[in-house]
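Okay, structure first, notes after.
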2 protein chains.
Amino acid sequence: MALRTDWSDRACPIARSLDVLGDPWSLLILREVFLGNHRFDTIRDRLDVADTVLSRRLNAMVEDELLNRVAYAGAARPRYDYTLTDAGRDALPVLHALARWGTTHRPRTPRMKISCTTCGQESLSADWCSTCQAALTVDNTAWRTPARPKETVALSSS
Amino acid sequence: MALRTDWSDRACPIARSLDVLGDPWSLLILREVFLGNHRFDTIRDRLDVADTVLSRRLNAMVEDELLNRVAYAGAARPRYDYTLTDAGRDALPVLHALARWGTTHRPRTPRMKISCTTCGQESLSADWCSTCQAALTVDNTAWRTPARPKETVALSSS
């Protein structure tokens, strides 16, 4: 990702992460892909973002190996699905840590709820189920988001 | 924080967090304050950042209530210490989640180690001691950073 400063070779892993994950749009794009929104038009409409901005971010995220770009059939011209790579999946705790900070320090209702689908309980951690001790991954996490407060959405990587 | 897009009033707590924490420099400044570096000159030298950039970020972080600015005596002109507010302290899991992602997906040696000082064990979570189950906060967390690989530094908020 072309930040003003290149941190890809810094000794500190926080700085190396920020070289890839330090762009707010990229984290919101990851949020959408976790929620099962894999196509350009859907992501654009949900984020209310300009085509050029989204296109640039998606290209960078594919190059940084956060997302896979997969052509899908049935469209007049080539169209793509964006799915999570292992590195993209592993960014989930970053989103959760941000969600928990925002819920506490910039509160609004309805609030977002992060649940473990292994035991069904709300998690009090970014990456660990505080009830059943399972590591929270895309495979056992569900969100109740403020946009759809009556629905619990199981996350998906593809 | 003046991002290009104002996300302070978004329904999603991830977006509201990114409005404040979505700037990479701000997260690296928080890293330094957690490590006990509270003064402008020290933070500037460690981050290798321009005075104007650092000054603008520190002002925004005080305004966003991530940092307190406290004048200290003994200098010819007014000088300040920057200490963590409750909101700043609570950003620790965001830094830990980034550190863990970077350690896994952009690996380098020596690696950063996050430990719980309650039990002395390395943590496998961003916000929770996977050994003794304590919530990881500034008061019971230590880092062994790549910059000082032989030393374990207990975090501090002031």
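Within each chain, counting starts at residue 1; across the structure tokens, chains are named A, B, ... in the order shown, with ligands numbered 1 upward in that order.
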
Contact set, chain A to chain B: 8 Å, only C-alpha atoms, as a PyMOL selection string: chain A and resi 11-18+22-24+28+87+90-91+93-103+105-108+111-112+125-128+145-147

Test item, helix (DSSP H, G or I) assignment across stretch 9-123 of chain B, answer as a VMD selection string: chain B and resid 13 to 21 24 to 34 40 to 47 51 to 63 86 to 89 92 to 105

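By only C-alpha atoms, and with residues fewer than 3 positions from B:Arg144 along its chain excluded, the set lying at most 9 Å from it is Arg111, Met112, Lys113, Ile114, Ser115, Ala147, Arg148, Pro149, Lys150, Glu151, Thr152, Val153 and Ala154 of chain B.
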
Using C-alpha atoms, can you export the residues from the last selection as a tab-separated table (two decimals), in the first residue's frame?
```tsv
chain	number	residue	atom	x	y	z
B	111	ARG	CA	10.00	-10.80	16.79
B	112	MET	CA	7.94	-8.72	19.20
B	113	LYS	CA	6.70	-10.52	22.30
B	114	ILE	CA	3.61	-9.44	24.26
B	115	SER	CA	3.56	-10.74	27.84
B	147	ALA	CA	14.49	-2.54	18.91
B	148	ARG	CA	15.46	-3.76	22.43
B	149	PRO	CA	15.32	-7.55	22.08
B	150	LYS	CA	17.07	-8.31	25.38
B	151	GLU	CA	14.80	-6.18	27.49
B	152	THR	CA	11.16	-6.59	28.53
B	153	VAL	CA	9.50	-3.21	28.98
B	154	ALA	CA	6.47	-2.90	31.28
```

Filtered DSSP result for stretch 18-111 of chain A, state strand (DSSP E), as a ChimeraX atom specification: /A:67-72,79-84

Writing out the chosen residues with all heavy atoms as a JSON list (two decimals), in the first residue's frame:
```json
[["chain", "number", "residue", "atom", "x", "y", "z"],
["A", 67, "LEU", "N", -6.69, -9.91, -0.20],
["A", 67, "LEU", "CA", -7.86, -10.38, -0.94],
["A", 67, "LEU", "C", -7.43, -11.17, -2.17],
["A", 67, "LEU", "O", -6.38, -10.89, -2.77],
["A", 67, "LEU", "CB", -8.70, -9.17, -1.43],
["A", 67, "LEU", "CG", -9.34, -8.27, -0.37],
["A", 67, "LEU", "CD1", -10.07, -7.11, -1.06],
["A", 67, "LEU", "CD2", -10.32, -9.05, 0.52],
["A", 68, "ASN", "N", -8.25, -12.16, -2.52],
["A", 68, "ASN", "CA", -8.16, -12.82, -3.82],
["A", 68, "ASN", "C", -9.15, -12.17, -4.77],
["A", 68, "ASN", "O", -10.25, -11.79, -4.36],
["A", 68, "ASN", "CB", -8.56, -14.30, -3.71],
["A", 68, "ASN", "CG", -7.68, -15.06, -2.75],
["A", 68, "ASN", "OD1", -6.46, -15.07, -2.88],
["A", 68, "ASN", "ND2", -8.30, -15.73, -1.77],
["A", 69, "ARG", "N", -8.78, -12.08, -6.03],
["A", 69, "ARG", "CA", -9.70, -11.58, -7.04],
["A", 69, "ARG", "C", -10.06, -12.76, -7.96],
["A", 69, "ARG", "O", -9.17, -13.35, -8.58],
["A", 69, "ARG", "CB", -9.03, -10.47, -7.86],
["A", 69, "ARG", "CG", -9.89, -9.89, -8.96],
["A", 69, "ARG", "CD", -9.09, -8.95, -9.84],
["A", 69, "ARG", "NE", -9.04, -7.60, -9.30],
["A", 69, "ARG", "CZ", -7.93, -6.90, -9.09],
["A", 69, "ARG", "NH1", -6.75, -7.43, -9.37],
["A", 69, "ARG", "NH2", -7.98, -5.67, -8.60],
["A", 70, "VAL", "N", -11.34, -13.09, -8.01],
["A", 70, "VAL", "CA", -11.77, -14.28, -8.74],
["A", 70, "VAL", "C", -12.83, -13.87, -9.76],
["A", 70, "VAL", "O", -13.86, -13.30, -9.39],
["A", 70, "VAL", "CB", -12.39, -15.33, -7.78],
["A", 70, "VAL", "CG1", -12.68, -16.62, -8.52],
["A", 70, "VAL", "CG2", -11.48, -15.58, -6.58],
["A", 71, "ALA", "N", -12.58, -14.15, -11.04],
["A", 71, "ALA", "CA", -13.55, -13.79, -12.08],
["A", 71, "ALA", "C", -14.81, -14.64, -11.91],
["A", 71, "ALA", "O", -14.74, -15.81, -11.56],
["A", 71, "ALA", "CB", -12.95, -14.01, -13.46],
["A", 72, "TYR", "N", -15.97, -14.05, -12.12],
["A", 72, "TYR", "CA", -17.19, -14.85, -12.08],
["A", 72, "TYR", "C", -17.91, -14.79, -13.41],
["A", 72, "TYR", "O", -17.84, -13.80, -14.14],
["A", 72, "TYR", "CB", -18.09, -14.50, -10.90],
["A", 72, "TYR", "CG", -18.72, -13.13, -10.88],
["A", 72, "TYR", "CD1", -19.92, -12.88, -11.54],
["A", 72, "TYR", "CD2", -18.16, -12.10, -10.14],
["A", 72, "TYR", "CE1", -20.53, -11.63, -11.49],
["A", 72, "TYR", "CE2", -18.74, -10.86, -10.08],
["A", 72, "TYR", "CZ", -19.93, -10.62, -10.74],
["A", 72, "TYR", "OH", -20.52, -9.38, -10.69],
["A", 79, "ARG", "N", -16.12, -9.74, -14.59],
["A", 79, "ARG", "CA", -16.40, -9.17, -13.27],
["A", 79, "ARG", "C", -15.76, -10.08, -12.24],
["A", 79, "ARG", "O", -15.49, -11.24, -12.50],
["A", 79, "ARG", "CB", -17.92, -9.09, -13.04],
["A", 79, "ARG", "CG", -18.66, -8.28, -14.07],
["A", 79, "ARG", "CD", -18.24, -6.82, -14.04],
["A", 79, "ARG", "NE", -18.88, -6.12, -12.95],
["A", 79, "ARG", "CZ", -19.97, -5.37, -13.09],
["A", 79, "ARG", "NH1", -20.52, -5.25, -14.28],
["A", 79, "ARG", "NH2", -20.49, -4.74, -12.07],
["A", 80, "TYR", "N", -15.57, -9.52, -11.06],
["A", 80, "TYR", "CA", -14.77, -10.25, -10.07],
["A", 80, "TYR", "C", -15.45, -10.33, -8.71],
["A", 80, "TYR", "O", -16.18, -9.42, -8.30],
["A", 80, "TYR", "CB", -13.41, -9.58, -9.89],
["A", 80, "TYR", "CG", -12.65, -9.49, -11.19],
["A", 80, "TYR", "CD1", -12.67, -8.31, -11.94],
["A", 80, "TYR", "CD2", -11.96, -10.59, -11.68],
["A", 80, "TYR", "CE1", -12.00, -8.24, -13.16],
["A", 80, "TYR", "CE2", -11.28, -10.53, -12.90],
["A", 80, "TYR", "CZ", -11.31, -9.35, -13.63],
["A", 80, "TYR", "OH", -10.66, -9.28, -14.83],
["A", 81, "ASP", "N", -15.21, -11.45, -8.06],
["A", 81, "ASP", "CA", -15.49, -11.58, -6.64],
["A", 81, "ASP", "C", -14.20, -11.34, -5.87],
["A", 81, "ASP", "O", -13.13, -11.76, -6.32],
["A", 81, "ASP", "CB", -15.95, -13.02, -6.32],
["A", 81, "ASP", "CG", -17.45, -13.19, -6.43],
["A", 81, "ASP", "OD1", -18.18, -12.18, -6.34],
["A", 81, "ASP", "OD2", -17.89, -14.34, -6.62],
["A", 82, "TYR", "N", -14.32, -10.71, -4.73],
["A", 82, "TYR", "CA", -13.17, -10.54, -3.85],
["A", 82, "TYR", "C", -13.39, -11.40, -2.62],
["A", 82, "TYR", "O", -14.42, -11.29, -1.95],
["A", 82, "TYR", "CB", -12.99, -9.08, -3.46],
["A", 82, "TYR", "CG", -12.62, -8.24, -4.66],
["A", 82, "TYR", "CD1", -13.60, -7.64, -5.45],
["A", 82, "TYR", "CD2", -11.29, -8.09, -5.02],
["A", 82, "TYR", "CE1", -13.25, -6.92, -6.58],
["A", 82, "TYR", "CE2", -10.93, -7.37, -6.15],
["A", 82, "TYR", "CZ", -11.92, -6.78, -6.93],
["A", 82, "TYR", "OH", -11.58, -6.08, -8.05],
["A", 83, "THR", "N", -12.45, -12.30, -2.37],
["A", 83, "THR", "CA", -12.55, -13.18, -1.21],
["A", 83, "THR", "C", -11.32, -12.99, -0.32],
["A", 83, "THR", "O", -10.31, -12.44, -0.76],
["A", 83, "THR", "CB", -12.66, -14.65, -1.64],
["A", 83, "THR", "OG1", -11.47, -15.01, -2.37],
["A", 83, "THR", "CG2", -13.88, -14.88, -2.52],
["A", 84, "LEU", "N", -11.43, -13.44, 0.91],
["A", 84, "LEU", "CA", -10.35, -13.22, 1.87],
["A", 84, "LEU", "C", -9.24, -14.27, 1.72],
["A", 84, "LEU", "O", -9.52, -15.47, 1.65],
["A", 84, "LEU", "CB", -10.89, -13.30, 3.30],
["A", 84, "LEU", "CG", -11.89, -12.22, 3.70],
["A", 84, "LEU", "CD1", -12.58, -12.61, 5.00],
["A", 84, "LEU", "CD2", -11.20, -10.87, 3.85]]
```

Exercise: A:Asp41 partners within 12 Å, only C-alpha atoms, chain neighbours under 2 positions left out, as a compact mmCIF listing (two decimals) with N, CA and C atoms, in the first residue's frame:
```txt
# COMPACT_ATOMS: atom_id res chain seq x y z
N GLU A 32 -16.71 -5.31 4.90
CA GLU A 32 -17.74 -5.72 3.95
C GLU A 32 -17.53 -7.15 3.46
N ASN A 37 -20.09 -9.49 1.44
CA ASN A 37 -20.24 -8.63 0.26
C ASN A 37 -18.94 -8.68 -0.54
N HIS A 38 -18.99 -9.41 -1.64
CA HIS A 38 -17.76 -9.77 -2.35
C HIS A 38 -17.59 -9.05 -3.67
N ARG A 39 -18.58 -8.23 -4.08
CA ARG A 39 -18.51 -7.65 -5.41
C ARG A 39 -18.34 -6.13 -5.36
N ILE A 43 -19.95 -3.43 -2.63
CA ILE A 43 -19.04 -2.77 -1.68
C ILE A 43 -19.11 -1.25 -1.89
N ARG A 44 -19.10 -0.82 -3.14
CA ARG A 44 -19.16 0.62 -3.44
C ARG A 44 -20.43 1.24 -2.87
N ASP A 45 -21.56 0.56 -3.09
CA ASP A 45 -22.82 1.13 -2.63
C ASP A 45 -22.88 1.17 -1.10
N ARG A 46 -22.39 0.13 -0.46
CA ARG A 46 -22.46 0.09 1.01
C ARG A 46 -21.50 1.09 1.65
N LEU A 47 -20.34 1.30 1.05
CA LEU A 47 -19.37 2.24 1.63
C LEU A 47 -19.59 3.67 1.15
N ASP A 48 -20.42 3.85 0.12
CA ASP A 48 -20.64 5.17 -0.44
C ASP A 48 -19.29 5.81 -0.82
N VAL A 49 -18.54 5.07 -1.60
CA VAL A 49 -17.17 5.46 -1.94
C VAL A 49 -17.06 5.60 -3.47
N ALA A 50 -16.21 6.50 -3.92
CA ALA A 50 -16.03 6.71 -5.37
C ALA A 50 -15.40 5.48 -6.01
N ASP A 51 -15.79 5.20 -7.25
CA ASP A 51 -15.24 4.06 -8.01
C ASP A 51 -13.71 4.06 -8.01
N LEU A 54 -12.25 3.10 -4.57
CA LEU A 54 -12.45 1.68 -4.28
C LEU A 54 -11.56 0.81 -5.16
N SER A 55 -11.49 1.16 -6.43
CA SER A 55 -10.69 0.38 -7.37
C SER A 55 -9.22 0.38 -6.95
N ARG A 79 -16.12 -9.74 -14.59
CA ARG A 79 -16.40 -9.17 -13.27
C ARG A 79 -15.76 -10.08 -12.24
N TYR A 80 -15.57 -9.52 -11.06
CA TYR A 80 -14.77 -10.25 -10.07
C TYR A 80 -15.45 -10.33 -8.71
N ASP A 81 -15.21 -11.45 -8.06
CA ASP A 81 -15.49 -11.58 -6.64
C ASP A 81 -14.20 -11.34 -5.87
N TYR A 82 -14.32 -10.71 -4.73
CA TYR A 82 -13.17 -10.54 -3.85
C TYR A 82 -13.39 -11.40 -2.62
```

Distance in Å - atom CA of A:Thr131 versus atom CA of A:Thr117: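 Those two atoms sit 11.2 Å apart.
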
Å distance separating atom CA of A:Ser123 from atom CA of B:Leu136, one decimal place: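 These two atoms are separated by 15.1 Å.
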